[in-house]
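What follows is the content of entry-v4.pdb, which has PDB, C-alpha atoms, pLDDT in the B column:
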```pdb
ATOM      1  CA  MET A   1     -41.627  -3.512  18.582  1.00 94.00           C
ATOM      2  CA  MET A   2     -38.856  -2.757  16.089  1.00 94.00           C
ATOM      3  CA  LYS A   3     -35.325  -1.881  17.203  1.00 93.00           C
ATOM      4  CA  THR A   4     -33.699   1.014  15.337  1.00 94.00           C
ATOM      5  CA  LEU A   5     -29.935   1.629  15.417  1.00 95.00           C
ATOM      6  CA  ASN A   6     -28.188   4.467  13.616  1.00 94.00           C
ATOM      7  CA  ASP A   7     -24.563   4.307  12.508  1.00 95.00           C
ATOM      8  CA  LEU A   8     -23.316   5.826  15.775  1.00 96.00           C
ATOM      9  CA  ASP A   9     -25.318   3.286  17.805  1.00 95.00           C
ATOM     10  CA  ILE A  10     -23.714   0.499  15.776  1.00 94.00           C
ATOM     11  CA  GLU A  11     -20.237   1.955  16.164  1.00 94.00           C
ATOM     12  CA  LEU A  12     -20.621   2.103  19.956  1.00 96.00           C
ATOM     13  CA  LEU A  13     -21.630  -1.539  20.336  1.00 95.00           C
ATOM     14  CA  PRO A  14     -19.031  -3.881  21.889  1.00 95.00           C
ATOM     15  CA  GLN A  15     -16.841  -5.299  19.125  1.00 93.00           C
ATOM     16  CA  ARG A  16     -18.050  -8.897  19.215  1.00 92.00           C
ATOM     17  CA  LYS A  17     -21.698  -7.916  19.580  1.00 94.00           C
ATOM     18  CA  ARG A  18     -21.357  -5.536  16.637  1.00 94.00           C
ATOM     19  CA  GLY A  19     -19.652  -8.219  14.570  1.00 91.00           C
ATOM     20  CA  ARG A  20     -22.390 -10.776  15.203  1.00 92.00           C
ATOM     21  CA  LEU A  21     -25.104  -8.252  14.359  1.00 94.00           C
ATOM     22  CA  ILE A  22     -23.545  -7.042  11.108  1.00 92.00           C
ATOM     23  CA  ASN A  23     -22.787 -10.604  10.039  1.00 89.00           C
ATOM     24  CA  SER A  24     -26.468 -11.461  10.606  1.00 93.00           C
ATOM     25  CA  LEU A  25     -27.827  -8.647   8.439  1.00 93.00           C
ATOM     26  CA  SER A  26     -26.964 -10.212   5.085  1.00 90.00           C
ATOM     27  CA  GLY A  27     -29.301 -13.101   5.893  1.00 93.00           C
ATOM     28  CA  PHE A  28     -28.745 -16.812   5.433  1.00 93.00           C
ATOM     29  CA  LYS A  29     -25.472 -17.654   3.712  1.00 95.00           C
ATOM     30  CA  SER A  30     -23.880 -20.758   2.270  1.00 95.00           C
ATOM     31  CA  ALA A  31     -21.591 -22.665   4.621  1.00 96.00           C
ATOM     32  CA  ASN A  32     -18.358 -23.839   2.998  1.00 97.00           C
ATOM     33  CA  VAL A  33     -14.893 -24.965   3.915  1.00 97.00           C
ATOM     34  CA  ILE A  34     -12.041 -23.941   1.631  1.00 98.00           C
ATOM     35  CA  GLY A  35      -9.187 -26.346   1.064  1.00 97.00           C
ATOM     36  CA  THR A  36      -5.672 -25.198   0.138  1.00 97.00           C
ATOM     37  CA  THR A  37      -2.082 -26.419   0.173  1.00 95.00           C
ATOM     38  CA  ASP A  38       1.077 -24.384   0.713  1.00 92.00           C
ATOM     39  CA  GLY A  39       4.268 -24.700  -1.287  1.00 88.00           C
ATOM     40  CA  LYS A  40       5.659 -27.218   1.223  1.00 90.00           C
ATOM     41  CA  GLY A  41       2.679 -29.558   0.885  1.00 91.00           C
ATOM     42  CA  HIS A  42       0.896 -28.653   4.123  1.00 92.00           C
ATOM     43  CA  HIS A  43      -2.884 -28.920   3.766  1.00 95.00           C
ATOM     44  CA  ASN A  44      -5.194 -26.265   5.165  1.00 95.00           C
ATOM     45  CA  LEU A  45      -8.964 -26.198   5.666  1.00 97.00           C
ATOM     46  CA  ALA A  46     -10.946 -23.174   6.829  1.00 96.00           C
ATOM     47  CA  MET A  47     -14.601 -22.211   7.351  1.00 95.00           C
ATOM     48  CA  PHE A  48     -16.135 -19.468   5.167  1.00 96.00           C
ATOM     49  CA  SER A  49     -19.613 -18.000   4.778  1.00 94.00           C
ATOM     50  CA  SER A  50     -18.641 -15.364   2.195  1.00 94.00           C
ATOM     51  CA  VAL A  51     -18.765 -17.317  -1.079  1.00 96.00           C
ATOM     52  CA  VAL A  52     -20.784 -15.616  -3.832  1.00 95.00           C
ATOM     53  CA  HIS A  53     -21.798 -16.444  -7.400  1.00 96.00           C
ATOM     54  CA  LEU A  54     -20.223 -14.081  -9.956  1.00 97.00           C
ATOM     55  CA  GLY A  55     -21.274 -15.530 -13.308  1.00 96.00           C
ATOM     56  CA  SER A  56     -21.808 -18.671 -15.328  1.00 95.00           C
ATOM     57  CA  ASP A  57     -19.866 -17.935 -18.531  1.00 95.00           C
ATOM     58  CA  PRO A  58     -17.078 -18.092 -17.548  1.00 96.00           C
ATOM     59  CA  ALA A  59     -18.020 -19.956 -14.368  1.00 97.00           C
ATOM     60  CA  LEU A  60     -16.838 -17.701 -11.533  1.00 98.00           C
ATOM     61  CA  LEU A  61     -17.203 -17.663  -7.759  1.00 98.00           C
ATOM     62  CA  GLY A  62     -15.907 -15.054  -5.353  1.00 97.00           C
ATOM     63  CA  VAL A  63     -14.926 -15.210  -1.715  1.00 97.00           C
ATOM     64  CA  VAL A  64     -14.128 -12.484   0.817  1.00 96.00           C
ATOM     65  CA  LEU A  65     -11.151 -13.059   3.122  1.00 95.00           C
ATOM     66  CA  ARG A  66     -10.147 -11.070   6.179  1.00 92.00           C
ATOM     67  CA  PRO A  67      -7.183  -8.677   5.907  1.00 92.00           C
ATOM     68  CA  PRO A  68      -4.136 -10.933   5.641  1.00 88.00           C
ATOM     69  CA  VAL A  69      -1.424 -10.982   8.282  1.00 80.00           C
ATOM     70  CA  GLU A  70       2.058 -12.408   7.899  1.00 77.00           C
ATOM     71  CA  PRO A  71       1.938 -16.175   7.168  1.00 66.00           C
ATOM     72  CA  GLU A  72       3.518 -17.106  10.494  1.00 65.00           C
ATOM     73  CA  HIS A  73       0.612 -15.396  12.268  1.00 62.00           C
ATOM     74  CA  GLY A  74      -2.271 -16.820  10.212  1.00 69.00           C
ATOM     75  CA  SER A  75      -4.141 -16.056   6.971  1.00 85.00           C
ATOM     76  CA  HIS A  76      -3.033 -19.447   5.651  1.00 92.00           C
ATOM     77  CA  THR A  77      -5.912 -19.732   3.175  1.00 95.00           C
ATOM     78  CA  TYR A  78      -5.011 -16.408   1.559  1.00 95.00           C
ATOM     79  CA  TRP A  79      -1.287 -17.027   1.314  1.00 94.00           C
ATOM     80  CA  ASN A  80      -1.750 -20.600   0.067  1.00 95.00           C
ATOM     81  CA  ILE A  81      -4.035 -19.378  -2.721  1.00 96.00           C
ATOM     82  CA  ARG A  82      -1.488 -16.733  -3.663  1.00 94.00           C
ATOM     83  CA  GLU A  83       1.289 -19.330  -3.642  1.00 94.00           C
ATOM     84  CA  THR A  84      -0.354 -22.178  -5.570  1.00 95.00           C
ATOM     85  CA  GLY A  85      -3.149 -20.361  -7.415  1.00 96.00           C
ATOM     86  CA  VAL A  86      -5.794 -22.996  -6.663  1.00 97.00           C
ATOM     87  CA  PHE A  87      -8.318 -23.816  -3.949  1.00 98.00           C
ATOM     88  CA  THR A  88     -11.434 -25.885  -3.350  1.00 98.00           C
ATOM     89  CA  ILE A  89     -14.841 -24.891  -2.026  1.00 98.00           C
ATOM     90  CA  ASN A  90     -16.762 -27.650  -0.249  1.00 98.00           C
ATOM     91  CA  HIS A  91     -20.391 -27.473   0.920  1.00 97.00           C
ATOM     92  CA  VAL A  92     -20.722 -28.221   4.639  1.00 97.00           C
ATOM     93  CA  GLY A  93     -23.090 -31.081   5.539  1.00 96.00           C
ATOM     94  CA  SER A  94     -25.483 -31.460   8.437  1.00 95.00           C
ATOM     95  CA  SER A  95     -23.615 -34.524   9.744  1.00 96.00           C
ATOM     96  CA  TRP A  96     -20.273 -32.731  10.103  1.00 97.00           C
ATOM     97  CA  TYR A  97     -20.925 -28.994  10.537  1.00 97.00           C
ATOM     98  CA  GLU A  98     -19.313 -29.033  14.003  1.00 97.00           C
ATOM     99  CA  LYS A  99     -16.061 -30.311  12.505  1.00 97.00           C
ATOM    100  CA  ALA A 100     -16.282 -27.620   9.828  1.00 97.00           C
ATOM    101  CA  HIS A 101     -16.800 -24.940  12.473  1.00 97.00           C
ATOM    102  CA  GLN A 102     -13.758 -26.151  14.408  1.00 97.00           C
ATOM    103  CA  THR A 103     -11.540 -25.386  11.383  1.00 96.00           C
ATOM    104  CA  SER A 104     -11.997 -21.689  12.199  1.00 93.00           C
ATOM    105  CA  ALA A 105      -9.677 -22.160  15.195  1.00 92.00           C
ATOM    106  CA  ARG A 106      -6.114 -20.889  14.817  1.00 90.00           C
ATOM    107  CA  TYR A 107      -3.885 -23.791  13.866  1.00 91.00           C
ATOM    108  CA  ASP A 108      -0.231 -23.521  12.889  1.00 88.00           C
ATOM    109  CA  ALA A 109       0.620 -23.625   9.197  1.00 86.00           C
ATOM    110  CA  GLU A 110       2.220 -27.057   9.634  1.00 88.00           C
ATOM    111  CA  GLU A 111      -0.932 -28.454  11.284  1.00 91.00           C
ATOM    112  CA  SER A 112      -3.571 -29.935   9.001  1.00 94.00           C
ATOM    113  CA  GLU A 113      -7.108 -29.027   9.985  1.00 96.00           C
ATOM    114  CA  PHE A 114      -8.168 -32.230   8.220  1.00 96.00           C
ATOM    115  CA  ASP A 115      -6.265 -34.233  10.836  1.00 95.00           C
ATOM    116  CA  ALA A 116      -7.223 -31.938  13.697  1.00 96.00           C
ATOM    117  CA  VAL A 117     -11.000 -32.188  13.191  1.00 97.00           C
ATOM    118  CA  GLY A 118     -11.292 -35.636  11.605  1.00 97.00           C
ATOM    119  CA  LEU A 119     -12.105 -34.844   7.969  1.00 98.00           C
ATOM    120  CA  HIS A 120     -10.471 -36.483   4.963  1.00 97.00           C
ATOM    121  CA  PRO A 121      -8.756 -34.859   1.951  1.00 97.00           C
ATOM    122  CA  VAL A 122      -9.365 -36.037  -1.592  1.00 97.00           C
ATOM    123  CA  PHE A 123      -7.662 -34.831  -4.771  1.00 96.00           C
ATOM    124  CA  ARG A 124      -9.171 -34.384  -8.223  1.00 95.00           C
ATOM    125  CA  CYS A 125      -8.032 -33.348 -11.712  1.00 93.00           C
ATOM    126  CA  GLY A 126      -4.390 -32.874 -10.734  1.00 93.00           C
ATOM    127  CA  PHE A 127      -5.206 -30.112  -8.261  1.00 93.00           C
ATOM    128  CA  GLU A 128      -2.738 -29.413  -5.450  1.00 92.00           C
ATOM    129  CA  ALA A 129      -5.577 -28.162  -3.254  1.00 96.00           C
ATOM    130  CA  PRO A 130      -7.466 -30.857  -1.323  1.00 97.00           C
ATOM    131  CA  ALA A 131     -11.246 -31.243  -1.373  1.00 97.00           C
ATOM    132  CA  VAL A 132     -13.268 -32.743   1.487  1.00 98.00           C
ATOM    133  CA  GLU A 133     -14.340 -36.352   1.110  1.00 97.00           C
ATOM    134  CA  GLU A 134     -17.340 -35.840   3.412  1.00 98.00           C
ATOM    135  CA  SER A 135     -18.727 -32.981   1.290  1.00 97.00           C
ATOM    136  CA  GLN A 136     -21.523 -33.671  -1.198  1.00 97.00           C
ATOM    137  CA  VAL A 137     -20.572 -30.707  -3.408  1.00 97.00           C
ATOM    138  CA  ARG A 138     -16.890 -30.097  -4.163  1.00 97.00           C
ATOM    139  CA  ILE A 139     -15.589 -27.345  -6.435  1.00 97.00           C
ATOM    140  CA  GLY A 140     -12.052 -26.829  -7.702  1.00 97.00           C
ATOM    141  CA  LEU A 141     -11.120 -23.244  -8.583  1.00 98.00           C
ATOM    142  CA  GLU A 142      -8.184 -21.324  -9.992  1.00 97.00           C
ATOM    143  CA  ARG A 143      -7.521 -17.799  -8.743  1.00 97.00           C
ATOM    144  CA  VAL A 144      -7.968 -15.399 -11.655  1.00 97.00           C
ATOM    145  CA  ASP A 145      -8.254 -12.013  -9.930  1.00 97.00           C
ATOM    146  CA  GLU A 146      -8.142 -10.256  -6.589  1.00 96.00           C
ATOM    147  CA  TRP A 147      -9.171  -6.910  -5.157  1.00 96.00           C
ATOM    148  CA  LYS A 148      -8.194  -5.178  -1.947  1.00 96.00           C
ATOM    149  CA  ILE A 149     -11.214  -3.510  -0.375  1.00 95.00           C
ATOM    150  CA  PRO A 150      -9.830  -0.105   0.671  1.00 96.00           C
ATOM    151  CA  GLN A 151     -12.334   0.524   3.462  1.00 94.00           C
ATOM    152  CA  ASN A 152     -11.207  -2.461   5.561  1.00 93.00           C
ATOM    153  CA  ASP A 153      -8.272  -4.158   3.744  1.00 94.00           C
ATOM    154  CA  CYS A 154     -10.240  -7.383   3.193  1.00 95.00           C
ATOM    155  CA  ARG A 155      -9.436  -9.302   0.020  1.00 96.00           C
ATOM    156  CA  PHE A 156     -11.975 -10.364  -2.586  1.00 97.00           C
ATOM    157  CA  ILE A 157     -10.688 -13.405  -4.471  1.00 97.00           C
ATOM    158  CA  VAL A 158     -12.199 -14.358  -7.829  1.00 98.00           C
ATOM    159  CA  GLY A 159     -11.920 -18.016  -8.766  1.00 97.00           C
ATOM    160  CA  GLN A 160     -12.758 -19.714 -12.047  1.00 98.00           C
ATOM    161  CA  ILE A 161     -14.307 -23.153 -11.677  1.00 97.00           C
ATOM    162  CA  ARG A 162     -12.060 -25.856 -13.157  1.00 97.00           C
ATOM    163  CA  TRP A 163     -13.983 -28.904 -11.919  1.00 97.00           C
ATOM    164  CA  VAL A 164     -17.055 -29.802  -9.858  1.00 97.00           C
ATOM    165  CA  GLU A 165     -18.203 -33.009  -8.176  1.00 97.00           C
ATOM    166  CA  PHE A 166     -21.622 -33.915  -6.762  1.00 97.00           C
ATOM    167  CA  PRO A 167     -24.021 -36.886  -6.611  1.00 96.00           C
ATOM    168  CA  GLU A 168     -25.544 -37.424 -10.054  1.00 95.00           C
ATOM    169  CA  LYS A 169     -28.967 -38.111  -8.517  1.00 93.00           C
ATOM    170  CA  ALA A 170     -29.222 -34.460  -7.418  1.00 93.00           C
ATOM    171  CA  TRP A 171     -28.677 -33.033 -10.922  1.00 94.00           C
ATOM    172  CA  GLU A 172     -31.974 -32.385 -12.699  1.00 91.00           C
ATOM    173  CA  GLU A 173     -32.520 -32.358 -16.466  1.00 89.00           C
ATOM    174  CA  ASP A 174     -32.690 -28.564 -16.734  1.00 89.00           C
ATOM    175  CA  GLY A 175     -29.366 -28.141 -14.904  1.00 91.00           C
ATOM    176  CA  PHE A 176     -30.795 -27.396 -11.443  1.00 92.00           C
ATOM    177  CA  LEU A 177     -28.773 -28.943  -8.619  1.00 94.00           C
ATOM    178  CA  ASP A 178     -31.152 -30.075  -5.883  1.00 92.00           C
ATOM    179  CA  LEU A 179     -29.227 -28.980  -2.802  1.00 91.00           C
ATOM    180  CA  GLU A 180     -32.213 -29.779  -0.600  1.00 86.00           C
ATOM    181  CA  ASN A 181     -31.484 -33.489  -0.915  1.00 88.00           C
ATOM    182  CA  LEU A 182     -27.744 -33.161  -0.306  1.00 92.00           C
ATOM    183  CA  GLU A 183     -28.088 -32.317   3.402  1.00 89.00           C
ATOM    184  CA  GLY A 184     -26.124 -29.082   3.159  1.00 92.00           C
ATOM    185  CA  VAL A 185     -26.450 -26.419   5.822  1.00 95.00           C
ATOM    186  CA  ALA A 186     -26.780 -22.640   5.741  1.00 95.00           C
ATOM    187  CA  MET A 187     -25.265 -20.106   8.124  1.00 94.00           C
ATOM    188  CA  SER A 188     -26.337 -16.890   9.791  1.00 94.00           C
ATOM    189  CA  SER A 189     -24.031 -14.526  11.623  1.00 91.00           C
ATOM    190  CA  LEU A 190     -20.726 -16.198  12.536  1.00 87.00           C
ATOM    191  CA  ASP A 191     -21.793 -19.293  14.431  1.00 92.00           C
ATOM    192  CA  ALA A 192     -25.415 -20.300  13.699  1.00 94.00           C
ATOM    193  CA  TYR A 193     -26.077 -23.294  11.444  1.00 95.00           C
ATOM    194  CA  HIS A 194     -29.433 -24.068   9.811  1.00 95.00           C
ATOM    195  CA  SER A 195     -31.052 -26.890   7.899  1.00 93.00           C
ATOM    196  CA  THR A 196     -33.200 -25.811   4.958  1.00 90.00           C
ATOM    197  CA  GLN A 197     -36.649 -26.539   3.603  1.00 88.00           C
ATOM    198  CA  GLN A 198     -37.491 -25.623   0.037  1.00 87.00           C
ATOM    199  CA  LEU A 199     -40.781 -23.722  -0.183  1.00 88.00           C
ATOM    200  CA  ASP A 200     -41.132 -23.943  -3.949  1.00 89.00           C
ATOM    201  CA  ARG A 201     -39.319 -23.679  -7.247  1.00 89.00           C
ATOM    202  CA  LEU A 202     -40.850 -21.129  -9.597  1.00 91.00           C
ATOM    203  CA  SER A 203     -40.971 -20.679 -13.347  1.00 89.00           C
ATOM    204  CA  TYR A 204     -38.851 -18.079 -15.147  1.00 89.00           C
ATOM    205  CA  ALA A 205     -40.362 -14.658 -14.477  1.00 93.00           C
ATOM    206  CA  LYS A 206     -41.838 -12.859 -17.531  1.00 94.00           C
ATOM    207  CA  LYS A 207     -43.936  -9.734 -17.724  1.00 91.00           C
ATOM    208  CA  ASP A 208     -47.693 -10.422 -17.710  1.00 93.00           C
ATOM    209  CA  VAL A 209     -47.152 -14.182 -17.433  1.00 94.00           C
ATOM    210  CA  PRO A 210     -48.368 -15.858 -14.210  1.00 93.00           C
ATOM    211  CA  LEU A 211     -45.761 -17.733 -12.238  1.00 93.00           C
ATOM    212  CA  THR A 212     -46.109 -21.491 -11.981  1.00 93.00           C
ATOM    213  CA  SER A 213     -44.586 -24.028  -9.648  1.00 92.00           C
ATOM    214  CA  VAL A 214     -41.837 -26.119 -11.223  1.00 86.00           C
ATOM    215  CA  LYS A 215     -42.119 -29.837 -10.553  1.00 69.00           C
ATOM    216  CA  ARG A 216     -39.047 -31.989 -10.138  1.00 57.00           C
ATOM    217  CA  GLY A 217     -37.590 -32.907 -13.507  1.00 50.00           C
ATOM    218  CA  ASP A 218     -39.676 -30.298 -15.384  1.00 53.00           C
ATOM    219  CA  THR A 219     -37.540 -28.623 -18.049  1.00 49.00           C
ATOM    220  CA  THR A 220     -40.201 -26.173 -19.286  1.00 52.00           C
ATOM    221  CA  ALA A 221     -39.354 -23.559 -16.630  1.00 49.00           C
ATOM    222  CA  THR A 222     -36.648 -21.994 -18.773  1.00 51.00           C
TER     223      THR A 222
END
```
Written as structure tokens, how would this file's structure read?
Amino acid sequence: MMKTLNDLDIELLPQRKRGRLINSLSGFKSANVIGTTDGKGHHNLAMFSSVVHLGSDPALLGVVLRPPVEPEHGSHTYWNIRETGVFTINHVGSSWYEKAHQTSARYDAEESEFDAVGLHPVFRCGFEAPAVEESQVRIGLERVDEWKIPQNDCRFIVGQIRWVEFPEKAWEEDGFLDLENLEGVAMSSLDAYHSTQQLDRLSYAKKDVPLTSVKRGDTTAT
């Protein structure tokens, strides 16, 4: 039996129940922690499930952040990005997702979530923003644009990729990065973590051409 809710039904749900439902509707999402540093050198790490691909040339990723409050009350990721202009996105792994989740707690600006949860910062390419040593995929980005979403005051940050780091063994000849073998996790809603299982990898879709399964290392798919 299917459950149907109209917009009024959704609006009348208790706040947390509504939030968990709406956050579930977009499906499985990537689980990442974002690393930043403020102008005084304090490192910050925070959990995000709102990272999206925006384009490959130039290489852009976007991330949605909650409406910012004054720095002394939180929103450290947002204000640090505005202050330094750089941040890192780090894929969360199955062996440390609980530590990643704990970074969503409210720590003071002077407290490092790295120290609080037991993760380790690493620095690459002269970036002020720390990456996560435990992560198998690390991405350094520079903020290049930002939009305020008028309906809810959230911020959409656009970052251009300045460097990436991942195990070479996972990078296939045609450019595909085999995330399945890097033990990353996916998220649903606000607090559910999932391991993944690849069903298949398919050839480039063309009209009137049957799809074929792409074997590992096959470069004919493109």
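Once the PyMOL selection byres ((chain A and resi 127) around 12) is applied to the shown structure, the selection contains A:Gly35, A:Thr36, A:Thr37, A:Thr84, A:Gly85, A:Val86, A:Phe87, A:Thr88, A:Pro121, A:Val122, A:Phe123, A:Arg124, A:Cys125, A:Gly126, A:Glu128, A:Ala129, A:Pro130, A:Ala131, A:Ile139, A:Gly140, A:Leu141, A:Glu142, A:Ile161, A:Arg162, A:Trp163, A:Val164.
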Can you tell me, as lines of an AutoDock Vina configuration file, the centre and edge lengths (Å, one decimal) of the axis-aligned box enclosing all of region 26-42 of chain A's listed atoms after padding each side by 5 Å?
```
center_x = -11.8
center_y = -19.9
center_z = 2.3
size_x = 45.0
size_y = 29.3
size_z = 17.2
```
Give as a CSV table (one decimal) with C-alpha atoms, keeping the file's coordinate frame the residues that the PyMOL selection byres ((chain A and resi 29) around 6) matches when applied to the coordinates above.
```
chain,number,residue,atom,x,y,z
A,28,PHE,CA,-28.7,-16.8,5.4
A,30,SER,CA,-23.9,-20.8,2.3
A,49,SER,CA,-19.6,-18.0,4.8
A,186,ALA,CA,-26.8,-22.6,5.7
A,187,MET,CA,-25.3,-20.1,8.1
```
Go through the shown structure with the PyMOL selection byres ((chain A and resi 190-199) around 7) and write out the matching residues as an MDAnalysis selection string. chainID A and resid 20 23 180 185:189 200
Within 12 Å of region 145-156 of chain A, counting all atoms listed in the file, which residues show up once you throw out same-chain ones fewer than 5 positions away? Write them as a ChimeraX atom specification, please. /A:50-52,54,60-69,75,77-79,81-82,85-86
Between A:Glu134, A:Glu168, A:Glu110, A:Asp38, which is the closest to Trp96 (chain A) once you count all atoms listed in the file?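 The closest residue to Trp96 (chain A) is A:Glu134.
Comparing the minimum interatomic distances between Ala31 (chain A) and each of A:Asn90, A:Asn44, A:Gln15, A:Ser203, counting all atoms listed in the file, we find that A:Asn90 sits nearest.
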Identify which of the residues A:Asn80, A:Ser56, A:Ser213, A:Thr103 lies closest to Gly39 (chain A), counting all atoms listed in the file when measuring atom-to-atom distances. A:Asn80
Rounded to one decimal in Å, what is the spacing between CA of Ser104 (chain A) and CA of Glu165 (chain A)?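 It comes out at 24.1 Å.
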Report, in Å with one decimal, the straight-line distance from CA of Asp57 (chain A) to CA of Asp174 (chain A). 16.8 Å
Atom pair CA of Arg143 (chain A) + CA of Val158 (chain A), distance 5.9 Å
From the list A:Gly27, A:Glu133, A:Met47, A:Ala59, which residue is nearest Ala105 (chain A) when using all atoms listed in the file?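 Checking each candidate against Ala105 (chain A), we get A:Met47 as the closest.
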Best match for closeness to Gly184 (chain A) among A:Val137, A:Ile22, A:Val33, A:Leu119, counting only C-alpha atoms: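 For Gly184 (chain A), the nearest of the given residues is A:Val137.
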Closest of A:Leu13, A:Leu45, A:Leu25, A:Ala170 to Gly118 (chain A) - atom-to-atom distances counting all atoms listed in the file: A:Leu45
